[in-house]
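Participant: For reference, the structure I am asking about is given below.
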Amino acid sequence: MLPKIIIIDKERQSRKLLCRILKETYEVIEASSFAEGSSLINSHYPDMIIIDPLSPKTEGISLISSVREWSDCPIIALSANATESAAVSAISAGADDYIRKPFFTEELLVRIKSNFRRISAIAASKGISFSDKYKCEDLTVEFDTHSVFIENQRVHLTRNEFKILSLLCRHAGKVLTYDFILKSVWGPRTASNTGILRVNITNLRKKIEKNPLSPKYVFTENGIGYRAANNEIL
């Protein structure tokens with residue numbers, strides 16, 4: 001599965017140009033307003049966001065700040081505003097890069113790749129796996145294809161079940177708090193109610209564990225959160 005990029009820009013021609021440049025290498029989703037962009041970010045969990053934060057006003061700066069509160073997703077600000085203060089505002093809000101319009105295609109592609117490499121390096125330093133696959137005994141999770149197998153038999157998971165499992169597997173061996181999982185899967189405005197998470201974990205275990213009451217893949221850390229078993233070295 002291709003890395004997912006959400007483009008937020010009120011200018012249709014700008015969005016179309018970006019889509020044409022990126023569509024061969026990335027999955028691209030467009031938003032023509034900050035409200036639409038916020039909704040898409042919360043529901044699609046993108047790998048990168050490209051946003052014109054100052055068009056027409058500065059609501060985009062607030063959107064960058066709110067995303068940065070709960071996500072490490074790379075954010076590239078792309079704007080016709082060439083002033084130093086505009087770039088400082090975007091970077092200070094949490095953007096990782098600032099590119100001025102009009103831009104060179106090759107420069108944009110290099111900046112995108114550079115930001116993806118940086119995030120991967122940070123994740124690796126924190127012990128977060130960005131490999132294509134997680135494997136532990138009979139369980140295999142293929143991140144790129146959103147596929148899960150038990151004893152080589154494919155298991156059907158709901159979208160949220162897969163998001164929970166892949167999140168735990170990428171942080172294999174580490175305890176993820178209830179709040180972190182809730183905000184990562186359902187978005188930053190999700191109430192800190194663990195009920196929906198517990199239901200999904202229960203359903204997930206029924207599908208991947210031989211004995212859900214004595215799990216060997218997804219463990220409960222009482223009062224804290226959940227942890228996936230350490231993955232095998234692939």
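Ligands are numbered from 1 in the order shown, residues from 1 within each chain, and chains are lettered A, B, ... in the order they appear in the structure tokens.
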Kindly provide the residues of region 117-210 of chain A that approach region 29-43 of chain A to within 12 Å, each paired with its closest atom pair and their distance in Å to one decimal, based on only C-alpha atoms, listed by chain and increasing number, as a Markdown table.

Facilitator:
| residue | atom | partner | partner_atom | distance |
| --- | --- | --- | --- | --- |
| A:Arg159 | CA | A:Ser43 | CA | 10.4 |
| A:Asn160 | CA | A:Ser43 | CA | 10.2 |
| A:Lys163 | CA | A:Ser43 | CA | 11.2 |
| A:Leu182 | CA | A:Asn42 | CA | 11.4 |
| A:Lys183 | CA | A:Asn42 | CA | 9.1 |
| A:Ser184 | CA | A:Asn42 | CA | 8.7 |
| A:Val185 | CA | A:Asn42 | CA | 8.2 |
| A:Trp186 | CA | A:Asn42 | CA | 6.6 |
| A:Gly187 | CA | A:Asn42 | CA | 4.9 |
| A:Pro188 | CA | A:Asn42 | CA | 7.6 |
| A:Arg189 | CA | A:Asn42 | CA | 8.8 |
| A:Thr190 | CA | A:Asn42 | CA | 9.8 |

Participant: DSSP on the backbone, then: every residue of region 121-183 of chain A marked alpha helix (DSSP H), written as an NGL selection string.

Facilitator: :A and (121-125 or 159-170 or 178-183)

Participant: Which residues come within 10 Å of Thr220 (chain A), counting only C-alpha atoms, excluding same-chain residues fewer than 3 positions away, as a list in words?

Facilitator: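 Contacts, in chain order: Val175, Leu176, Arg198, Ile201, Pro215, Gly223, Ile224, Gly225, Tyr226, Arg227 and Ala228 of chain A.
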
Participant: Quick one: pull the distance between CA of Ala90 (chain A) and CA of Val110 (chain A), Å, one decimal.

Facilitator: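 Between CA of Ala90 (chain A) and CA of Val110 (chain A) the gap works out to 19.6 Å.
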